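Participant: Next comes the structure file run_21.txt, holding compact mmCIF, C-alpha atoms.
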```
# COMPACT_ATOMS: atom_id res chain seq x y z
CA MET W 8 52.80 -76.52 -290.35
CA ALA W 9 50.61 -74.85 -292.97
CA CYS W 10 52.35 -73.84 -296.14
CA ASN W 11 52.00 -70.24 -297.26
CA ASN W 12 54.79 -69.74 -299.64
CA CYS W 13 56.12 -73.11 -300.71
CA ASN W 14 57.38 -71.77 -304.00
CA ASP W 15 59.00 -68.68 -302.53
CA GLU W 16 62.59 -69.09 -301.33
CA ARG W 17 61.91 -72.69 -300.41
CA THR W 18 60.59 -71.85 -296.95
CA VAL W 19 57.33 -72.68 -295.21
CA ASN W 20 55.47 -70.94 -292.42
CA TYR W 21 55.33 -73.32 -289.53
CA ARG W 22 51.98 -72.38 -288.14
CA ASP W 23 51.85 -75.46 -286.06
CA LYS W 24 54.52 -74.83 -283.42
CA GLU W 25 53.58 -78.12 -281.75
CA ILE W 26 54.91 -80.17 -284.65
CA GLU W 27 58.06 -78.08 -284.88
CA LYS W 28 58.74 -78.64 -281.17
CA LYS W 29 58.03 -82.38 -281.49
CA LEU W 30 60.47 -82.74 -284.38
CA VAL W 31 63.25 -80.76 -282.65
CA SER W 32 62.74 -82.71 -279.44
CA ARG W 33 63.02 -86.02 -281.30
CA LEU W 34 66.15 -84.81 -283.11
CA ASN W 35 67.69 -83.76 -279.78
CA LYS W 36 67.13 -87.30 -278.57
CA VAL W 37 68.74 -88.71 -281.72
CA GLU W 38 71.74 -86.39 -281.21
CA GLY W 39 72.14 -87.85 -277.73
CA GLN W 40 71.90 -91.37 -279.13
CA ILE W 41 74.63 -90.61 -281.70
CA ARG W 42 76.90 -89.29 -278.92
CA GLY W 43 76.08 -92.43 -276.93
CA ILE W 44 77.09 -94.65 -279.87
CA LYS W 45 80.42 -92.81 -280.19
CA GLY W 46 81.05 -93.41 -276.49
CA MET W 47 80.20 -97.10 -276.89
CA ILE W 48 82.70 -97.39 -279.74
CA GLU W 49 85.42 -95.65 -277.74
CA LYS W 50 84.78 -97.78 -274.65
CA GLY W 51 84.96 -100.98 -276.70
CA ILE W 52 81.36 -102.04 -276.06
CA TYR W 53 80.34 -105.28 -277.78
CA CYS W 54 79.48 -104.71 -281.48
CA ASP W 55 76.00 -106.21 -281.37
CA ASP W 56 74.99 -103.89 -278.52
CA ILE W 57 76.08 -100.95 -280.68
CA LEU W 58 74.18 -102.35 -283.68
CA ILE W 59 71.02 -102.32 -281.51
CA GLN W 60 71.55 -98.60 -280.80
CA ILE W 61 72.11 -97.88 -284.49
CA SER W 62 68.79 -99.61 -285.25
CA ALA W 63 67.15 -97.39 -282.64
CA VAL W 64 68.51 -94.28 -284.39
CA GLN W 65 67.24 -95.57 -287.74
CA SER W 66 63.75 -96.08 -286.27
CA ALA W 67 63.80 -92.64 -284.65
CA MET W 68 64.81 -90.96 -287.93
CA LYS W 69 62.09 -92.89 -289.76
CA GLY W 70 59.62 -91.51 -287.19
CA VAL W 71 60.87 -87.93 -287.74
CA SER W 72 60.61 -88.35 -291.49
CA LYS W 73 57.09 -89.77 -291.17
CA ILE W 74 55.83 -86.81 -289.08
CA LEU W 75 57.44 -84.30 -291.44
CA PHE W 76 56.19 -86.06 -294.56
CA GLU W 77 52.60 -86.36 -293.30
CA ASN W 78 52.51 -82.65 -292.59
CA HIS W 79 54.12 -81.91 -295.89
CA VAL W 80 51.39 -83.80 -297.76
CA LYS W 81 48.60 -82.23 -295.69
CA THR W 82 49.88 -78.68 -296.24
CA CYS W 83 52.46 -77.99 -298.96
CA ILE W 84 51.39 -80.72 -301.39
CA LEU W 85 47.67 -80.00 -300.98
CA ASP W 86 48.32 -76.30 -301.63
CA LYS W 87 50.47 -77.02 -304.66
CA MET W 88 47.76 -79.28 -306.09
CA LYS W 89 45.43 -76.31 -306.32
CA GLU W 90 48.01 -74.47 -308.42
CA ASP W 91 49.41 -77.24 -310.58
CA GLU W 92 48.32 -80.84 -310.11
CA GLN W 93 51.03 -82.23 -312.36
CA VAL W 94 53.86 -80.45 -310.51
CA ALA W 95 52.47 -81.41 -307.10
CA VAL W 96 52.03 -85.09 -308.00
CA ASP W 97 55.50 -85.31 -309.57
CA GLU W 98 57.08 -83.78 -306.47
CA LEU W 99 55.10 -86.11 -304.21
CA LEU W 100 56.10 -89.24 -306.15
CA ASN W 101 59.70 -88.04 -306.16
CA SER W 102 59.70 -87.71 -302.34
CA ILE W 103 58.09 -91.12 -301.91
CA ASN W 104 60.60 -92.83 -304.20
CA ARG W 105 63.44 -91.23 -302.25
CA MET W 106 62.03 -92.45 -298.95
CA MET W 107 61.45 -95.98 -300.26
CA LYS W 108 65.00 -96.53 -301.52
CA MET X 4 88.70 -104.67 -284.41
CA ALA X 5 89.69 -108.19 -283.37
CA CYS X 6 87.65 -109.69 -280.61
CA ASN X 7 89.50 -111.00 -277.58
CA ASN X 8 86.92 -111.22 -274.94
CA CYS X 9 83.50 -111.08 -276.57
CA ASN X 10 81.90 -112.99 -273.75
CA ASP X 11 83.54 -111.01 -270.99
CA GLU X 12 81.67 -107.90 -269.84
CA ARG X 13 80.35 -107.41 -273.35
CA THR X 14 83.41 -105.49 -274.50
CA VAL X 15 85.78 -106.03 -277.41
CA ASN X 16 89.40 -105.03 -277.90
CA TYR X 17 89.53 -102.68 -280.81
CA ARG X 18 92.87 -103.64 -282.20
CA ASP X 19 92.13 -101.86 -285.41
CA LYS X 20 92.20 -98.21 -284.37
CA GLU X 21 91.64 -97.26 -288.02
CA ILE X 22 88.11 -98.66 -288.01
CA GLU X 23 87.32 -97.06 -284.67
CA LYS X 24 88.46 -93.66 -285.99
CA LYS X 25 86.48 -94.13 -289.22
CA LEU X 26 83.28 -94.94 -287.29
CA VAL X 27 83.66 -92.01 -284.87
CA SER X 28 84.44 -89.63 -287.73
CA ARG X 29 81.31 -90.75 -289.62
CA LEU X 30 79.21 -90.37 -286.47
CA ASN X 31 80.61 -86.86 -285.93
CA LYS X 32 79.45 -86.01 -289.43
CA VAL X 33 75.98 -87.45 -288.69
CA GLU X 34 75.80 -85.39 -285.48
CA GLY X 35 76.48 -82.29 -287.57
CA GLN X 36 73.76 -83.34 -290.04
CA ILE X 37 71.24 -83.77 -287.20
CA ARG X 38 72.06 -80.26 -285.90
CA GLY X 39 71.69 -79.00 -289.46
CA ILE X 40 68.23 -80.59 -289.75
CA LYS X 41 67.14 -78.96 -286.48
CA GLY X 42 68.30 -75.58 -287.85
CA MET X 43 66.37 -76.18 -291.07
CA ILE X 44 63.21 -76.93 -289.10
CA GLU X 45 63.62 -73.80 -286.99
CA LYS X 46 64.31 -71.61 -290.03
CA GLY X 47 61.21 -72.95 -291.80
CA ILE X 48 63.11 -74.53 -294.69
CA TYR X 49 60.91 -76.31 -297.23
CA CYS X 50 59.89 -79.81 -296.00
CA ASP X 51 61.17 -81.72 -299.00
CA ASP X 52 64.64 -80.21 -298.61
CA ILE X 53 64.63 -81.46 -295.01
CA LEU X 54 63.43 -84.90 -296.12
CA ILE X 55 66.49 -85.07 -298.41
CA GLN X 56 68.76 -84.41 -295.41
CA ILE X 57 66.97 -87.07 -293.34
CA SER X 58 67.56 -89.58 -296.18
CA ALA X 59 71.24 -88.61 -296.10
CA VAL X 60 71.39 -89.38 -292.35
CA GLN X 61 69.68 -92.73 -292.95
CA SER X 62 72.27 -93.63 -295.61
CA ALA X 63 75.14 -92.52 -293.38
CA MET X 64 73.86 -94.63 -290.45
CA LYS X 65 73.44 -97.61 -292.80
CA GLY X 66 77.08 -97.13 -293.78
CA VAL X 67 78.20 -97.03 -290.12
CA SER X 68 76.18 -100.14 -289.36
CA LYS X 69 77.66 -101.93 -292.41
CA ILE X 70 81.27 -101.21 -291.38
CA LEU X 71 80.60 -102.28 -287.79
CA PHE X 72 78.72 -105.42 -288.82
CA GLU X 73 81.36 -106.55 -291.29
CA ASN X 74 84.03 -106.27 -288.62
CA HIS X 75 81.79 -107.98 -286.14
CA VAL X 76 81.40 -110.99 -288.44
CA LYS X 77 85.11 -111.10 -289.28
CA THR X 78 86.16 -110.99 -285.63
CA CYS X 79 83.63 -111.67 -282.85
CA ILE X 80 81.40 -114.06 -284.81
CA LEU X 81 84.33 -116.02 -286.28
CA ASP X 82 85.84 -116.37 -282.81
CA LYS X 83 82.54 -117.46 -281.29
CA MET X 84 82.10 -120.07 -284.00
CA LYS X 85 85.21 -121.84 -282.78
CA GLU X 86 83.66 -122.07 -279.30
CA ASP X 87 80.03 -122.80 -280.08
CA GLU X 88 78.78 -122.85 -283.66
CA GLN X 89 75.12 -122.93 -282.66
CA VAL X 90 75.39 -119.87 -280.39
CA ALA X 91 77.41 -117.93 -282.97
CA VAL X 92 75.00 -118.68 -285.82
CA ASP X 93 71.94 -117.82 -283.72
CA GLU X 94 73.47 -114.50 -282.69
CA LEU X 95 74.43 -113.75 -286.29
CA LEU X 96 70.95 -114.50 -287.63
CA ASN X 97 69.45 -112.42 -284.85
CA SER X 98 71.59 -109.39 -285.81
CA ILE X 99 70.75 -109.80 -289.49
CA ASN X 100 67.02 -110.02 -288.82
CA ARG X 101 67.22 -106.85 -286.72
CA MET X 102 69.04 -104.98 -289.50
CA MET X 103 66.60 -106.15 -292.16
CA LYS X 104 63.44 -105.04 -290.38
CA MET K 5 69.44 -128.94 -296.03
CA ALA K 6 73.01 -129.89 -295.20
CA CYS K 7 75.61 -128.92 -297.72
CA ASN K 8 77.87 -131.65 -299.03
CA ASN K 9 79.27 -130.29 -302.17
CA CYS K 10 78.75 -126.52 -302.16
CA ASN K 11 81.74 -125.94 -304.38
CA ASP K 12 80.90 -128.69 -306.80
CA GLU K 13 78.57 -127.73 -309.65
CA ARG K 14 76.84 -125.22 -307.39
CA THR K 15 74.40 -127.73 -305.99
CA VAL K 16 73.57 -128.77 -302.45
CA ASN K 17 72.19 -132.01 -301.03
CA TYR K 18 68.88 -131.21 -299.46
CA ARG K 19 69.00 -133.61 -296.60
CA ASP K 20 66.15 -131.86 -294.88
CA LYS K 21 63.21 -132.64 -297.13
CA GLU K 22 60.94 -130.82 -294.66
CA ILE K 23 62.49 -127.45 -295.51
CA GLU K 24 62.39 -128.16 -299.21
CA LYS K 25 58.67 -128.99 -298.99
CA LYS K 26 58.00 -125.89 -296.88
CA LEU K 27 59.73 -123.63 -299.41
CA VAL K 28 57.95 -125.14 -302.41
CA SER K 29 54.60 -124.95 -300.65
CA ARG K 30 55.14 -121.26 -299.84
CA LEU K 31 56.18 -120.58 -303.44
CA ASN K 32 53.06 -122.35 -304.72
CA LYS K 33 51.02 -119.99 -302.56
CA VAL K 34 52.91 -116.98 -303.95
CA GLU K 35 52.28 -118.22 -307.51
CA GLY K 36 48.56 -118.28 -306.70
CA GLN K 37 48.79 -114.76 -305.26
CA ILE K 38 50.48 -113.49 -308.45
CA ARG K 39 47.73 -115.04 -310.57
CA GLY K 40 45.20 -113.42 -308.22
CA ILE K 41 46.81 -110.01 -308.70
CA LYS K 42 46.69 -110.39 -312.49
CA GLY K 43 42.97 -111.21 -312.20
CA MET K 44 42.43 -108.14 -310.01
CA ILE K 45 44.12 -105.92 -312.59
CA GLU K 46 42.04 -107.37 -315.42
CA LYS K 47 38.79 -107.04 -313.46
CA GLY K 48 39.56 -103.39 -312.64
CA ILE K 49 39.73 -103.89 -308.87
CA TYR K 50 40.58 -100.74 -306.91
CA CYS K 51 44.35 -99.97 -306.97
CA ASP K 52 44.84 -99.85 -303.22
CA ASP K 53 43.32 -103.32 -302.80
CA ILE K 54 45.85 -104.60 -305.34
CA LEU K 55 48.70 -102.79 -303.53
CA ILE K 56 47.73 -104.70 -300.37
CA GLN K 57 48.10 -108.00 -302.26
CA ILE K 58 51.48 -106.92 -303.66
CA SER K 59 52.63 -106.19 -300.09
CA ALA K 60 51.48 -109.68 -299.10
CA VAL K 61 53.62 -111.19 -301.89
CA GLN K 62 56.61 -109.11 -300.76
CA SER K 63 56.20 -110.40 -297.18
CA ALA K 64 55.81 -113.99 -298.38
CA MET K 65 58.97 -113.76 -300.50
CA LYS K 66 60.85 -112.23 -297.55
CA GLY K 67 59.75 -115.23 -295.49
CA VAL K 68 60.97 -117.68 -298.16
CA SER K 69 64.28 -115.87 -298.38
CA LYS K 70 64.64 -115.91 -294.57
CA ILE K 71 64.07 -119.68 -294.32
CA LEU K 72 66.48 -120.35 -297.18
CA PHE K 73 69.13 -117.97 -295.83
CA GLU K 74 69.00 -119.36 -292.28
CA ASN K 75 69.56 -122.86 -293.61
CA HIS K 76 72.27 -121.62 -295.90
CA VAL K 77 74.18 -120.10 -292.96
CA LYS K 78 73.66 -123.17 -290.78
CA THR K 79 74.88 -125.58 -293.48
CA CYS K 80 76.77 -124.26 -296.52
CA ILE K 81 78.40 -121.25 -294.83
CA LEU K 82 79.40 -123.22 -291.71
CA ASP K 83 80.95 -125.91 -293.91
CA LYS K 84 82.80 -123.37 -296.03
CA MET K 85 84.19 -121.71 -292.92
CA LYS K 86 86.05 -124.90 -292.09
CA GLU K 87 87.74 -124.79 -295.47
CA ASP K 88 88.38 -121.09 -295.94
CA GLU K 89 87.13 -118.54 -293.42
CA GLN K 90 87.87 -115.56 -295.64
CA VAL K 91 85.93 -116.94 -298.61
CA ALA K 92 82.98 -117.98 -296.42
CA VAL K 93 82.77 -114.59 -294.67
CA ASP K 94 83.03 -112.66 -297.94
CA GLU K 95 80.26 -114.75 -299.48
CA LEU K 96 78.09 -114.32 -296.38
CA LEU K 97 78.53 -110.52 -296.32
CA ASN K 98 77.83 -110.40 -300.03
CA SER K 99 74.50 -112.25 -299.56
CA ILE K 100 73.53 -110.01 -296.64
CA ASN K 101 74.27 -106.83 -298.57
CA ARG K 102 72.16 -108.10 -301.47
CA MET K 103 69.23 -108.86 -299.16
CA MET K 104 69.46 -105.48 -297.41
CA LYS K 105 69.34 -103.35 -300.58
CA MET S 25 44.12 -95.93 -315.76
CA ALA S 26 41.80 -93.03 -315.01
CA CYS S 27 39.47 -93.51 -312.09
CA ASN S 28 35.79 -93.01 -312.70
CA ASN S 29 34.13 -94.75 -309.87
CA CYS S 30 36.68 -95.25 -307.11
CA ASN S 31 34.05 -95.28 -304.44
CA ASP S 32 31.70 -97.56 -306.26
CA GLU S 33 32.23 -101.31 -305.71
CA ARG S 34 35.93 -100.73 -305.31
CA THR S 35 36.63 -100.91 -309.02
CA VAL S 36 38.34 -98.53 -311.40
CA ASN S 37 37.98 -98.05 -315.14
CA TYR S 38 41.28 -98.85 -316.68
CA ARG S 39 41.23 -96.40 -319.52
CA ASP S 40 44.91 -96.79 -320.10
CA LYS S 41 45.11 -100.32 -321.51
CA GLU S 42 48.85 -99.81 -322.01
CA ILE S 43 49.49 -99.76 -318.25
CA GLU S 44 47.22 -102.74 -317.66
CA LYS S 45 49.15 -104.73 -320.29
CA LYS S 46 52.49 -103.64 -318.85
CA LEU S 47 51.49 -104.76 -315.35
CA VAL S 48 50.13 -108.13 -316.49
CA SER S 49 53.21 -108.75 -318.64
CA ARG S 50 55.50 -108.01 -315.67
CA LEU S 51 53.44 -110.30 -313.44
CA ASN S 52 53.64 -113.08 -316.03
CA LYS S 53 57.41 -112.73 -315.90
CA VAL S 54 57.34 -112.91 -312.09
CA GLU S 55 55.16 -116.04 -312.26
CA GLY S 56 57.83 -117.63 -314.46
CA GLN S 57 60.53 -116.57 -312.00
CA ILE S 58 58.62 -118.18 -309.11
CA ARG S 59 58.31 -121.42 -311.07
CA GLY S 60 62.03 -121.18 -311.82
CA ILE S 61 62.84 -120.80 -308.13
CA LYS S 62 60.76 -123.87 -307.29
CA GLY S 63 62.70 -125.82 -309.91
CA MET S 64 66.00 -124.60 -308.46
CA ILE S 65 64.96 -125.79 -304.99
CA GLU S 66 63.92 -129.20 -306.32
CA LYS S 67 67.13 -129.60 -308.33
CA GLY S 68 69.26 -128.72 -305.29
CA ILE S 69 70.78 -125.57 -306.81
CA TYR S 70 73.15 -123.69 -304.49
CA CYS S 71 71.26 -121.54 -301.94
CA ASP S 72 72.96 -118.27 -302.80
CA ASP S 73 72.02 -118.63 -306.47
CA ILE S 74 68.40 -119.05 -305.38
CA LEU S 75 68.66 -116.02 -303.07
CA ILE S 76 69.74 -113.95 -306.11
CA GLN S 77 66.56 -115.04 -307.93
CA ILE S 78 64.41 -114.17 -304.89
CA SER S 79 65.97 -110.69 -304.88
CA ALA S 80 65.09 -110.38 -308.56
CA VAL S 81 61.44 -111.21 -307.77
CA GLN S 82 61.42 -108.64 -304.95
CA SER S 83 62.74 -105.96 -307.35
CA ALA S 84 60.21 -106.92 -310.00
CA MET S 85 57.31 -106.71 -307.52
CA LYS S 86 58.60 -103.33 -306.30
CA GLY S 87 58.53 -102.18 -309.92
CA VAL S 88 54.93 -103.42 -310.38
CA SER S 89 53.88 -101.70 -307.17
CA LYS S 90 55.59 -98.45 -308.26
CA ILE S 91 53.80 -98.35 -311.63
CA LEU S 92 50.44 -99.14 -310.01
CA PHE S 93 50.93 -96.62 -307.20
CA GLU S 94 52.00 -93.79 -309.51
CA ASN S 95 48.87 -94.30 -311.57
CA HIS S 96 46.77 -94.55 -308.47
CA VAL S 97 48.02 -91.16 -307.25
CA LYS S 98 47.62 -89.53 -310.67
CA THR S 99 44.04 -90.81 -311.07
CA CYS S 100 42.12 -92.17 -308.07
CA ILE S 101 43.79 -90.02 -305.40
CA LEU S 102 43.60 -86.83 -307.47
CA ASP S 103 39.90 -87.48 -308.11
CA LYS S 104 39.20 -88.20 -304.47
CA MET S 105 40.94 -84.99 -303.44
CA LYS S 106 38.31 -83.00 -305.30
CA GLU S 107 35.58 -84.72 -303.26
CA ASP S 108 37.18 -84.92 -299.84
CA GLU S 109 40.77 -83.81 -299.25
CA GLN S 110 40.97 -85.34 -295.79
CA VAL S 111 39.81 -88.78 -296.92
CA ALA S 112 42.12 -88.75 -299.95
CA VAL S 113 45.18 -87.69 -297.93
CA ASP S 114 44.51 -90.26 -295.21
CA GLU S 115 44.17 -93.03 -297.77
CA LEU S 116 47.34 -91.90 -299.53
CA LEU S 117 49.38 -91.81 -296.31
CA ASN S 118 47.99 -95.20 -295.36
CA SER S 119 49.16 -96.73 -298.68
CA ILE S 120 52.60 -95.12 -298.35
CA ASN S 121 53.07 -96.41 -294.81
CA ARG S 122 52.12 -99.90 -295.95
CA MET S 123 54.63 -99.79 -298.79
CA MET S 124 57.42 -98.46 -296.56
CA LYS S 125 57.13 -101.16 -293.91
```
Using structure tokens, write down the structure that the file contains.
Facilitator:
Amino acid sequence: MACNNCNDERTVNYRDKEIEKKLVSRLNKVEGQIRGIKGMIEKGIYCDDILIQISAVQSAMKGVSKILFENHVKTCILDKMKEDEQVAVDELLNSINRMMK
Amino acid sequence: MACNNCNDERTVNYRDKEIEKKLVSRLNKVEGQIRGIKGMIEKGIYCDDILIQISAVQSAMKGVSKILFENHVKTCILDKMKEDEQVAVDELLNSINRMMK
Amino acid sequence: MACNNCNDERTVNYRDKEIEKKLVSRLNKVEGQIRGIKGMIEKGIYCDDILIQISAVQSAMKGVSKILFENHVKTCILDKMKEDEQVAVDELLNSINRMMK
Amino acid sequence: MACNNCNDERTVNYRDKEIEKKLVSRLNKVEGQIRGIKGMIEKGIYCDDILIQISAVQSAMKGVSKILFENHVKTCILDKMKEDEQVAVDELLNSINRMMK
């Protein structure tokens, strides 16, 4: 997922189709898990069993965010650093603080 | 969401339909957010804008888990405590440790 | 650490001296770690090595809080539940929300 | 806290004495808080009041780690990037993953 035009219309060129596919496939799985949780609620499944599934979704989303963030640092942030170190570092620290809340 | 038969087939009687509706409605919103994130990935939206949406999903799922857990404590756990304090407390601490990971 | 007089002057009777000793001994270790971190800062040790020590302190404090909380639930909260379920559950959920922030 | 010799003996030159003083002063406060918590345990103070103080220590340590990390990125990591982007990014992601555990 190399970044060609980070500053232009807030889009990136996903060169690495592999990563894009991996992210979408993980999100499809999460979508299925969410539907599963709704079904569990409607069927009256025991709360703690549902809480386990919610934890699984949280872990899966953390995984998605980790893949995306790693690529972001390796492409967009590295590119931005060559243009304006201050801007790149501020954006990076801003993302990290958001993820650590 | 009072708990009549927590120990029976791992189901609960959701007396409080309001809570059930609230949970399903929040999960529907999360499902929409997940689809939105997939679209953003496919359209090549800037990584950090996607990371913001992933954080929003994480917060929403934390909210769902909080509502469910609070009801769980107020119904299932309270009921279990009257039967077997030790079992109820162990299960409660187990759930809390899972959520705090 | 059984709780005799939770509502009286906000103190508890620590019947279980073992737990009290365990907590104090862990906190002594943390105090040493904090002093160590200050020394690392003053000696100009590499930032990432200091960040590792800060993580160790965070884990240690999480462990202290887990031991204390488990005892709290098993003693004070259980006792309170016999007096006033609503008050006990509200206090419990309040503690959990604080720890999960 | 500019980084002159990150790769040499794992030390950094703390040019910015202000940050060093700020960190040490915060850690002194944390040391006092730890001693306070020990006193609370020994005096039999109510568990939940101690849990509040433990949360305060956790927040304070998170603050220390944030200040240190921000400086680390702005100095050591930026410097390393000029030498070897791959090494700098890997180290950065490694630190972030540790802090997000």
Participant: Please, what distance in Å, to one decimal, runs between CA of Leu117 (chain S) and CA of Cys83 (chain W)?
Facilitator: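 Between these atoms lies a distance of 14.4 Å.
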Participant: Rounded to one decimal place, report the CA of Asp53 (chain K)-CA of Val54 (chain S) distance in Å.
Facilitator: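 Calculated distance between CA of Asp53 (chain K) and CA of Val54 (chain S) is 19.4 Å.
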Participant: Taking only C-alpha atoms into account, produce a table as CSV in which each residue of chain W with an atom at most 6 Å from an atom of chain X appears once, together with its shortest atom pair and the distance in Å to one decimal, ordered by chain and rising number.
Facilitator:
```
residue,atom,partner,partner_atom,distance
W:Arg17,CA,X:Tyr49,CA,4.9
W:Thr18,CA,X:Ile48,CA,4.3
W:Val19,CA,X:Gly47,CA,5.2
W:Val31,CA,X:Lys41,CA,5.7
W:Glu38,CA,X:Glu34,CA,6.0
W:Lys45,CA,X:Val27,CA,5.7
W:Gly51,CA,X:Val15,CA,5.2
W:Ile52,CA,X:Thr14,CA,4.3
W:Tyr53,CA,X:Thr14,CA,4.5
```
Participant: Mind giving me the straight-line distance from CA of Glu90 (chain W) to CA of Asn104 (chain W) in Å, one decimal?
Facilitator: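 These two atoms are separated by 22.7 Å.
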Participant: Using only C-alpha atoms, which protein or nucleic acid residues come within 8 Å of Val93 (chain K)? Drop anything in the same chain fewer than 5 positions from it, and give the result as a short mmCIF file (atom, residue, chain, number, x, y, z; two decimals) with C-alpha atoms, in the frame of the given file.
Facilitator:
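Resulting contents of result.cif:
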```cif
data_model
loop_
_atom_site.label_atom_id
_atom_site.label_comp_id
_atom_site.auth_asym_id
_atom_site.auth_seq_id
_atom_site.Cartn_x
_atom_site.Cartn_y
_atom_site.Cartn_z
CA VAL X 76 81.40 -110.99 -288.44
CA LYS X 77 85.11 -111.10 -289.28
CA ILE K 81 78.40 -121.25 -294.83
CA MET K 85 84.19 -121.71 -292.92
#
```
Participant: Pull out region 57-83 of chain K, keep C-alpha atoms, and write it as a PDB file, in the first residue's frame.
Facilitator:
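Wrote result20.pdb, looks like this:
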```pdb
ATOM      1  CA  GLN K  57      10.585  -0.242  32.293  1.00  0.00           C
ATOM      2  CA  ILE K  58       7.495   1.994  32.301  1.00  0.00           C
ATOM      3  CA  SER K  59       5.517  -0.881  30.730  1.00  0.00           C
ATOM      4  CA  ALA K  60       6.799  -3.153  33.499  1.00  0.00           C
ATOM      5  CA  VAL K  61       5.494  -0.707  36.126  1.00  0.00           C
ATOM      6  CA  GLN K  62       2.119  -0.550  34.357  1.00  0.00           C
ATOM      7  CA  SER K  63       1.875  -4.367  34.405  1.00  0.00           C
ATOM      8  CA  ALA K  64       2.912  -4.517  38.062  1.00  0.00           C
ATOM      9  CA  MET K  65       0.280  -1.935  39.044  1.00  0.00           C
ATOM     10  CA  LYS K  66      -2.348  -3.837  37.034  1.00  0.00           C
ATOM     11  CA  GLY K  67      -1.402  -6.935  39.028  1.00  0.00           C
ATOM     12  CA  VAL K  68      -1.740  -5.059  42.347  1.00  0.00           C
ATOM     13  CA  SER K  69      -5.098  -3.685  41.296  1.00  0.00           C
ATOM     14  CA  LYS K  70      -6.271  -7.173  40.234  1.00  0.00           C
ATOM     15  CA  ILE K  71      -5.368  -8.758  43.590  1.00  0.00           C
ATOM     16  CA  LEU K  72      -7.012  -5.921  45.514  1.00  0.00           C
ATOM     17  CA  PHE K  73     -10.134  -5.922  43.334  1.00  0.00           C
ATOM     18  CA  GLU K  74     -10.628  -9.698  43.528  1.00  0.00           C
ATOM     19  CA  ASN K  75     -10.502  -9.537  47.311  1.00  0.00           C
ATOM     20  CA  HIS K  76     -12.767  -6.534  47.318  1.00  0.00           C
ATOM     21  CA  VAL K  77     -15.426  -8.427  45.327  1.00  0.00           C
ATOM     22  CA  LYS K  78     -15.058 -11.558  47.452  1.00  0.00           C
ATOM     23  CA  THR K  79     -15.388  -9.645  50.741  1.00  0.00           C
ATOM     24  CA  CYS K  80     -16.707  -6.063  50.757  1.00  0.00           C
ATOM     25  CA  ILE K  81     -18.986  -6.354  47.709  1.00  0.00           C
ATOM     26  CA  LEU K  82     -20.422  -9.731  48.773  1.00  0.00           C
ATOM     27  CA  ASP K  83     -21.149  -8.314  52.236  1.00  0.00           C
TER      28      ASP K  83
END
```
